[in-house]
Each structure stands twice: as structure tokens, then as C-alpha cells.
Amino acid sequence: MRSAIHSSFGDPSSVLSIEDRPIPQPGPGQIRIRMSMAAIHNHDLLTVSGDYGYKPDLPAVAGTEGTGIVDALGEGVSHLKVGQRVAASGQGTWAEYYIASAMAAVPLPDSISDEAGAQLISMPLSALTLLDFAGVEKGDWIIQNAANGAVGKTLAMFAKPRQINVINLVRRDEAVRELADLGIQNVVSTSQTGWRDTVNALSGGAAIKAGVDGVGGPASGDLLSVLGENGLLISFGLMSGTPMQLSASDMIFKQAVVKGFWLAKIAPKLPAEKMKSHISEIVEAVANGTVTLTVSEVFGLDDIAKAAKAAGEHGRTGKVLLRA
């Protein structure tokens, strides 16, 4: 089978290549999926470059999420059937076939497209879990940067029916309109002079309880500067590639707390009912259009180098996907 392989860590557009690999066999409790589409997430690119918190043994098939048709069942799997269409995370999804845990596979209704199914789990689940992690409730205010990213957009969409107020920071003026077109409000471009005054006006002076930082660098300090007393700053990503830069006075006088968030560590500790509730909410929201999962480009698997390069570019309006 065709697989996107890297035998070294480095620039994904340079180290990834298509090679032929044996079709994998599912073990007990597993399924094999014939991939239809797979997402290229930022953490996938970081894994290939060697900069993520997890490093696979090399050579490795890249990719962690996709959608497709159940092709084979491992021992003990009885709740799924061959031919069923599912979304599922797994290792090595950038291939014609991949293995996933049967219990983690999500059957897809016809109302969810392959384009949405390929990115159904990781980013939306991160968004829902982040809302819980932030400890925000109805009427509270939260602020996030990288709001035009996949997690940022879904977090804002999931927060709306919960009546949690979200201020969405972006770095480009054009991104304000992009989010408005998705029905996302309270969008502020940090390229504008006086953006902090705009944030204060939107919140009406109410204390902002938590900030979600997906950028790092000076942007971390920008978020901290607008948090209220005892505010929580959540480090979620490092798009800038530089360490968080925080004001000591803001930390001290606001009695702020900084925490790191990594879904790979948090998800396994979630109660089974909580995880089931989150997945059900995601499926329902995407199926009925409450949450929109946007796509920037779709590439064939053979164009993995071009796809990886496109996924790493700033200014994308949606996820880059691979088609088998």
C-alpha cells in the first residue's frame, strides 16, 4: 500500500516520501480502515520535524486522524462491521490503510462529509476539553489567540450555545471577515493600534477569566496583559516557534496561573461518560451545521510534499487534507 513515510526528522516537505508498505493487520480490539481522507494537523507536522512531545520510531508512517471504510475487524470487535464508514484517530493515517482502536472509531452519518469526517475528532475534542480545562461557565469571559485556527474556530462555536463569551484574537485584518462569515463574533485583529481598548470595550470591563495561547512568544504576554486578577493562561500551542514571553509584573500583581494543555495527556483521564458526551456533541454539531469544519485544500496522497508545505503556510482558511 502507498504510505507517506519519513526516515528522519526534518522539514516535512523534504523528508516525507511515498513508499510501498505491507497492508497492516488489526490486532485484538482494533480495526483496519481503508482511508478516504486524512487531516494534516500542526501536531503531525511537528511530529515529522521532531519538535513534538512524541517521537515515533523511524521509519514511520505519518498522520494521526482520518476517515474511511472499515476494511477488517480484529478479534473481539462486534459493534462495528466491514463496510461501515467511520472517523478514527490512529497512527499512520497518511496511507491507503491504517489501524485504529475500534472503541475510538466514530460511525459517521451521511450528513457528515469525508472532508469533515477527516478532521472530526482531534481539534473539536481539544476545543471542548479546553473549555472544561479553563473552568469557564455561563456568562464568563475567555480570550484566545490563533482564533482562526481549527481549535480556535471550534472553541468559539462550542462556547456560543453555552453562553460563554469568547474574544477571538487574530493577527491579520482579513481574518476578522473570515471568522465573521462563520458566524463568529468578538473578533479583534492585534495588528490594529489600540486592540486592547477594543478588547476592554467588548467585555464591558468584565474580568477575563482565562486565555488560551496557541502562539507563544510575545503573544503570550499580550494575552496575560488583558486577563483579570487570578486569571488562567493556558499554553496550548507554539505557532511562533519561540518561548512564551510573560511580564513578571502581570504574573505577580494579577496572581496569574499558567498551565500547559496537551490533549494526549488529558483525554485518557477523562471519564468514559464525559468522552462519550463530547463525541456525541461533536457529531451532532457538525451534522446539523452548528459547527463548521473548514477545508483549505485537498491533495492526493502522492502529493504529500506539496500538501505538507501548504499545511505549514500561514493564512490558510481551513484544514489541508489528503485523499487516498
# chains A, B, ... in the order shown; residues from 1 in each chain; ligands from 1
$ residues_around --residues "range 189-200 of chain A" --least-positions-apart "2" --cutoff "12 Å" --atoms "only C-alpha atoms" --output "JSON, numbers by chain"
{"A": [141, 142, 143, 144, 145, 146, 147, 148, 165, 166, 167, 168, 169, 170, 171, 172, 173, 174, 175, 176, 177, 178, 179, 186, 187, 202, 203, 204, 205, 206, 207, 208, 218, 219, 222, 223, 224, 225, 226, 227, 228]}
$ write_last_selection --atoms "C-alpha atoms" --output "compact mmCIF listing (two decimals), in the first residue's frame"
# COMPACT_ATOMS: atom_id res chain seq x y z
CA TRP A 141 -15.31 35.77 29.54
CA ILE A 142 -12.42 33.95 27.87
CA ILE A 143 -9.91 35.18 25.29
CA GLN A 144 -7.90 33.21 22.73
CA ASN A 145 -5.30 33.96 20.09
CA ALA A 146 -4.88 31.96 16.86
CA ALA A 147 -8.67 32.19 16.78
CA ASN A 148 -8.75 31.45 13.05
CA ASN A 165 -18.25 34.89 25.97
CA VAL A 166 -15.16 34.48 23.78
CA ILE A 167 -12.91 37.25 22.47
CA ASN A 168 -11.06 35.99 19.40
CA LEU A 169 -7.67 37.46 18.55
CA VAL A 170 -6.22 37.15 15.05
CA ARG A 171 -3.07 38.60 13.55
CA ARG A 172 -4.47 39.58 10.13
CA ASP A 173 -7.25 42.07 9.40
CA GLU A 174 -8.57 39.72 6.68
CA ALA A 175 -9.15 37.01 9.29
CA VAL A 176 -11.77 39.18 11.01
CA ARG A 177 -14.05 38.82 7.98
CA GLU A 178 -13.22 35.12 7.60
CA LEU A 179 -14.46 34.40 11.12
CA ASN A 186 -15.94 39.45 19.03
CA VAL A 187 -13.01 39.12 16.62
CA LEU A 202 -16.18 44.17 24.10
CA SER A 203 -16.07 42.74 27.62
CA GLY A 204 -17.59 45.88 29.08
CA GLY A 205 -14.79 45.92 31.61
CA ALA A 206 -15.69 42.48 32.96
CA ALA A 207 -12.75 40.40 34.15
CA ILE A 208 -11.48 37.92 31.58
CA PRO A 218 5.21 37.94 22.76
CA ALA A 219 1.62 36.89 22.03
CA ASP A 222 -0.35 40.03 25.18
CA LEU A 223 -2.97 37.58 26.44
CA LEU A 224 -1.73 37.80 30.01
CA SER A 225 -1.93 41.60 29.87
CA VAL A 226 -5.72 41.55 29.38
CA LEU A 227 -6.58 38.79 31.87
CA GLY A 228 -8.31 39.67 35.10
$ select_by_dssp --residues "range 22-199 of chain A" --states "helix (DSSP H, G or I)" --output "PyMOL selection string"
chain A and resi 42-49+102-104+114-117+122-134+150-159+173-180+195-199
$ residues_around --residues "Gln25 in chain A" --least-positions-apart "3" --cutoff "12 Å" --atoms "only C-alpha atoms" --output "list in words"
Pro22, Pro28, Gly29, Gln30, Ile31, Arg32, Ile33, Arg34, Asp71, Ala72, Leu73, Gly74, Glu75, Tyr97, Tyr98, Ile99 and Ala100 of chain A
$ write_last_selection --atoms "all heavy atoms" --output "short mmCIF file (atom, residue, chain, number, x, y, z; two decimals), in the first residue's frame"
data_model
loop_
_atom_site.label_atom_id
_atom_site.label_comp_id
_atom_site.auth_asym_id
_atom_site.auth_seq_id
_atom_site.Cartn_x
_atom_site.Cartn_y
_atom_site.Cartn_z
N PRO A 22 3.57 -3.03 3.51
CA PRO A 22 2.57 -4.10 3.62
C PRO A 22 1.30 -3.56 4.26
O PRO A 22 1.34 -2.68 5.13
CB PRO A 22 3.25 -5.14 4.51
CG PRO A 22 4.71 -4.83 4.44
CD PRO A 22 4.82 -3.36 4.24
N PRO A 28 -6.27 -7.55 18.35
CA PRO A 28 -7.49 -7.60 19.18
C PRO A 28 -7.98 -6.19 19.54
O PRO A 28 -7.19 -5.33 19.93
CB PRO A 28 -7.02 -8.34 20.43
CG PRO A 28 -5.87 -9.18 19.96
CD PRO A 28 -5.17 -8.35 18.93
N GLY A 29 -9.27 -5.96 19.35
CA GLY A 29 -9.85 -4.67 19.68
C GLY A 29 -9.57 -3.57 18.67
O GLY A 29 -9.92 -2.41 18.91
N GLN A 30 -8.97 -3.93 17.55
CA GLN A 30 -8.62 -2.94 16.53
C GLN A 30 -9.43 -3.15 15.25
O GLN A 30 -10.04 -4.21 15.04
CB GLN A 30 -7.13 -3.02 16.19
CG GLN A 30 -6.21 -2.65 17.33
CD GLN A 30 -4.75 -2.74 16.93
OE1 GLN A 30 -4.35 -3.56 16.09
NE2 GLN A 30 -3.93 -1.88 17.54
N ILE A 31 -9.41 -2.14 14.40
CA ILE A 31 -9.99 -2.24 13.06
C ILE A 31 -8.98 -1.71 12.05
O ILE A 31 -8.10 -0.92 12.39
CB ILE A 31 -11.31 -1.44 12.94
CG1 ILE A 31 -11.07 0.05 13.29
CG2 ILE A 31 -12.40 -2.04 13.80
CD1 ILE A 31 -12.28 0.93 13.03
N ARG A 32 -9.13 -2.18 10.82
CA ARG A 32 -8.35 -1.61 9.73
C ARG A 32 -9.28 -0.75 8.90
O ARG A 32 -10.41 -1.15 8.58
CB ARG A 32 -7.73 -2.71 8.86
CG ARG A 32 -6.81 -2.15 7.76
CD ARG A 32 -6.08 -3.25 7.03
NE ARG A 32 -6.98 -4.10 6.26
CZ ARG A 32 -6.76 -5.39 5.99
NH1 ARG A 32 -5.68 -5.98 6.49
NH2 ARG A 32 -7.62 -6.08 5.28
N ILE A 33 -8.81 0.44 8.56
CA ILE A 33 -9.61 1.40 7.81
C ILE A 33 -8.97 1.66 6.46
O ILE A 33 -7.77 1.92 6.37
CB ILE A 33 -9.74 2.73 8.59
CG1 ILE A 33 -10.47 2.49 9.92
CG2 ILE A 33 -10.47 3.78 7.76
CD1 ILE A 33 -10.46 3.68 10.84
N ARG A 34 -9.78 1.56 5.41
CA ARG A 34 -9.34 1.99 4.08
C ARG A 34 -9.56 3.49 4.00
O ARG A 34 -10.68 3.96 3.94
CB ARG A 34 -10.11 1.24 2.98
CG ARG A 34 -9.77 1.68 1.56
CD ARG A 34 -10.28 0.69 0.53
NE ARG A 34 -11.68 0.35 0.72
CZ ARG A 34 -12.72 1.08 0.27
NH1 ARG A 34 -12.47 2.20 -0.40
NH2 ARG A 34 -13.96 0.68 0.47
N ASP A 71 -12.35 -1.94 6.90
CA ASP A 71 -11.92 -2.94 5.92
C ASP A 71 -11.72 -4.31 6.55
O ASP A 71 -11.86 -5.34 5.89
CB ASP A 71 -10.62 -2.45 5.27
CG ASP A 71 -10.03 -3.43 4.29
OD1 ASP A 71 -10.61 -3.60 3.20
OD2 ASP A 71 -9.00 -4.06 4.63
N ALA A 72 -11.39 -4.33 7.85
CA ALA A 72 -11.18 -5.60 8.55
C ALA A 72 -11.36 -5.37 10.04
O ALA A 72 -11.09 -4.29 10.56
CB ALA A 72 -9.78 -6.16 8.26
N LEU A 73 -11.81 -6.43 10.73
CA LEU A 73 -12.06 -6.36 12.17
C LEU A 73 -11.07 -7.25 12.92
O LEU A 73 -10.81 -8.38 12.50
CB LEU A 73 -13.47 -6.83 12.50
CG LEU A 73 -14.64 -6.14 11.78
CD1 LEU A 73 -15.96 -6.81 12.16
CD2 LEU A 73 -14.68 -4.66 12.12
N GLY A 74 -10.54 -6.70 14.01
CA GLY A 74 -9.68 -7.51 14.86
C GLY A 74 -10.51 -8.37 15.80
O GLY A 74 -11.74 -8.21 15.91
N GLU A 75 -9.86 -9.27 16.48
CA GLU A 75 -10.53 -10.16 17.41
C GLU A 75 -11.30 -9.39 18.47
O GLU A 75 -10.80 -8.41 19.04
CB GLU A 75 -9.48 -11.06 18.07
CG GLU A 75 -10.06 -12.07 19.06
CD GLU A 75 -8.97 -12.88 19.74
OE1 GLU A 75 -7.81 -12.83 19.26
OE2 GLU A 75 -9.28 -13.53 20.75
N TYR A 97 -4.24 2.40 3.97
CA TYR A 97 -4.91 1.68 5.06
C TYR A 97 -4.22 2.05 6.36
O TYR A 97 -2.99 2.26 6.40
CB TYR A 97 -4.81 0.16 4.86
CG TYR A 97 -5.50 -0.37 3.63
CD1 TYR A 97 -4.83 -0.41 2.40
CD2 TYR A 97 -6.81 -0.83 3.69
CE1 TYR A 97 -5.47 -0.90 1.27
CE2 TYR A 97 -7.45 -1.32 2.57
CZ TYR A 97 -6.78 -1.34 1.36
OH TYR A 97 -7.42 -1.83 0.23
N TYR A 98 -5.01 2.12 7.44
CA TYR A 98 -4.39 2.35 8.75
C TYR A 98 -5.18 1.62 9.83
O TYR A 98 -6.33 1.21 9.62
CB TYR A 98 -4.26 3.84 9.07
CG TYR A 98 -5.53 4.60 9.37
CD1 TYR A 98 -5.96 4.81 10.68
CD2 TYR A 98 -6.29 5.17 8.34
CE1 TYR A 98 -7.10 5.54 10.97
CE2 TYR A 98 -7.44 5.90 8.62
CZ TYR A 98 -7.84 6.09 9.94
OH TYR A 98 -8.97 6.82 10.21
N ILE A 99 -4.53 1.45 10.98
CA ILE A 99 -5.12 0.72 12.11
C ILE A 99 -5.60 1.72 13.16
O ILE A 99 -4.93 2.72 13.44
CB ILE A 99 -4.09 -0.24 12.74
CG1 ILE A 99 -3.61 -1.26 11.70
CG2 ILE A 99 -4.68 -0.94 13.96
CD1 ILE A 99 -4.70 -2.18 11.19
N ALA A 100 -6.76 1.44 13.75
CA ALA A 100 -7.29 2.29 14.80
C ALA A 100 -7.96 1.43 15.87
O ALA A 100 -8.35 0.28 15.60
CB ALA A 100 -8.30 3.29 14.23
#
$ residues_around --residues "Thr242 in chain A" --least-positions-apart "4" --cutoff "8 Å" --atoms "only C-alpha atoms" --output "list in words"
Gly216, Gly217 and Leu238 of chain A
$ residues_around --residues "Val136 in chain A" --least-positions-apart "3" --cutoff "10 Å" --atoms "only C-alpha atoms" --output "PyMOL selection string"
chain A and resi 130-133+139-142+159+162+164-165+208-210
$ write_last_selection --atoms "N, CA and C atoms" --output "PDB file, in the first residue's frame"
ATOM      1  N   LEU A 130     -10.771  22.013  26.247  1.00  0.00           N
ATOM      2  CA  LEU A 130     -10.196  23.279  26.687  1.00  0.00           C
ATOM      3  C   LEU A 130     -11.215  24.114  27.465  1.00  0.00           C
ATOM      4  N   LEU A 131     -12.471  24.110  27.022  1.00  0.00           N
ATOM      5  CA  LEU A 131     -13.500  24.860  27.742  1.00  0.00           C
ATOM      6  C   LEU A 131     -13.661  24.319  29.164  1.00  0.00           C
ATOM      7  N   ASP A 132     -13.617  23.000  29.302  1.00  0.00           N
ATOM      8  CA  ASP A 132     -13.674  22.401  30.639  1.00  0.00           C
ATOM      9  C   ASP A 132     -12.420  22.753  31.441  1.00  0.00           C
ATOM     10  N   PHE A 133     -11.265  22.644  30.798  1.00  0.00           N
ATOM     11  CA  PHE A 133      -9.974  22.888  31.437  1.00  0.00           C
ATOM     12  C   PHE A 133      -9.880  24.326  31.957  1.00  0.00           C
ATOM     13  N   GLY A 139     -21.796  32.994  31.090  1.00  0.00           N
ATOM     14  CA  GLY A 139     -21.598  34.390  31.440  1.00  0.00           C
ATOM     15  C   GLY A 139     -20.150  34.800  31.617  1.00  0.00           C
ATOM     16  N   ASP A 140     -19.226  33.834  31.739  1.00  0.00           N
ATOM     17  CA  ASP A 140     -17.805  34.152  31.899  1.00  0.00           C
ATOM     18  C   ASP A 140     -17.203  34.635  30.586  1.00  0.00           C
ATOM     19  N   TRP A 141     -16.051  35.305  30.714  1.00  0.00           N
ATOM     20  CA  TRP A 141     -15.306  35.774  29.538  1.00  0.00           C
ATOM     21  C   TRP A 141     -13.998  34.999  29.421  1.00  0.00           C
ATOM     22  N   ILE A 142     -13.666  34.631  28.180  1.00  0.00           N
ATOM     23  CA  ILE A 142     -12.416  33.951  27.868  1.00  0.00           C
ATOM     24  C   ILE A 142     -11.852  34.610  26.612  1.00  0.00           C
ATOM     25  N   ALA A 159     -18.605  27.359  22.383  1.00  0.00           N
ATOM     26  CA  ALA A 159     -18.851  28.245  23.519  1.00  0.00           C
ATOM     27  C   ALA A 159     -20.180  28.992  23.372  1.00  0.00           C
ATOM     28  N   ARG A 162     -23.251  27.583  24.986  1.00  0.00           N
ATOM     29  CA  ARG A 162     -23.033  27.527  26.425  1.00  0.00           C
ATOM     30  C   ARG A 162     -23.122  28.917  27.062  1.00  0.00           C
ATOM     31  N   ILE A 164     -20.933  31.188  26.908  1.00  0.00           N
ATOM     32  CA  ILE A 164     -19.611  31.620  27.354  1.00  0.00           C
ATOM     33  C   ILE A 164     -19.113  32.649  26.355  1.00  0.00           C
ATOM     34  N   ASN A 165     -18.686  33.789  26.834  1.00  0.00           N
ATOM     35  CA  ASN A 165     -18.248  34.887  25.967  1.00  0.00           C
ATOM     36  C   ASN A 165     -16.790  34.692  25.566  1.00  0.00           C
ATOM     37  N   ILE A 208     -11.639  39.067  32.471  1.00  0.00           N
ATOM     38  CA  ILE A 208     -11.475  37.915  31.577  1.00  0.00           C
ATOM     39  C   ILE A 208     -10.836  36.803  32.389  1.00  0.00           C
ATOM     40  N   LYS A 209     -11.555  35.702  32.501  1.00  0.00           N
ATOM     41  CA  LYS A 209     -11.177  34.642  33.438  1.00  0.00           C
ATOM     42  C   LYS A 209     -10.028  33.776  32.932  1.00  0.00           C
ATOM     43  N   ALA A 210      -9.966  33.544  31.625  1.00  0.00           N
ATOM     44  CA  ALA A 210      -8.943  32.630  31.090  1.00  0.00           C
ATOM     45  C   ALA A 210      -8.529  33.048  29.689  1.00  0.00           C
TER      46      ALA A 210
END
$ atom_distance --atom1 "CA of Asp213 in chain A" --atom2 "CA of Ala287 in chain A"
28.5 Å
$ atom_distance --atom1 "CA of Ser247 in chain A" --atom2 "CA of Gly231 in chain A"
13.8 Å
$ closest_residue --among "A:Ala38, A:Leu58, A:Ser17, A:His6" --to "Lys306 in chain A" --atoms "only C-alpha atoms"
A:Ser17
$ atom_distance --atom1 "CA of Lys254 in chain A" --atom2 "CA of Glu229 in chain A"
4.5 Å
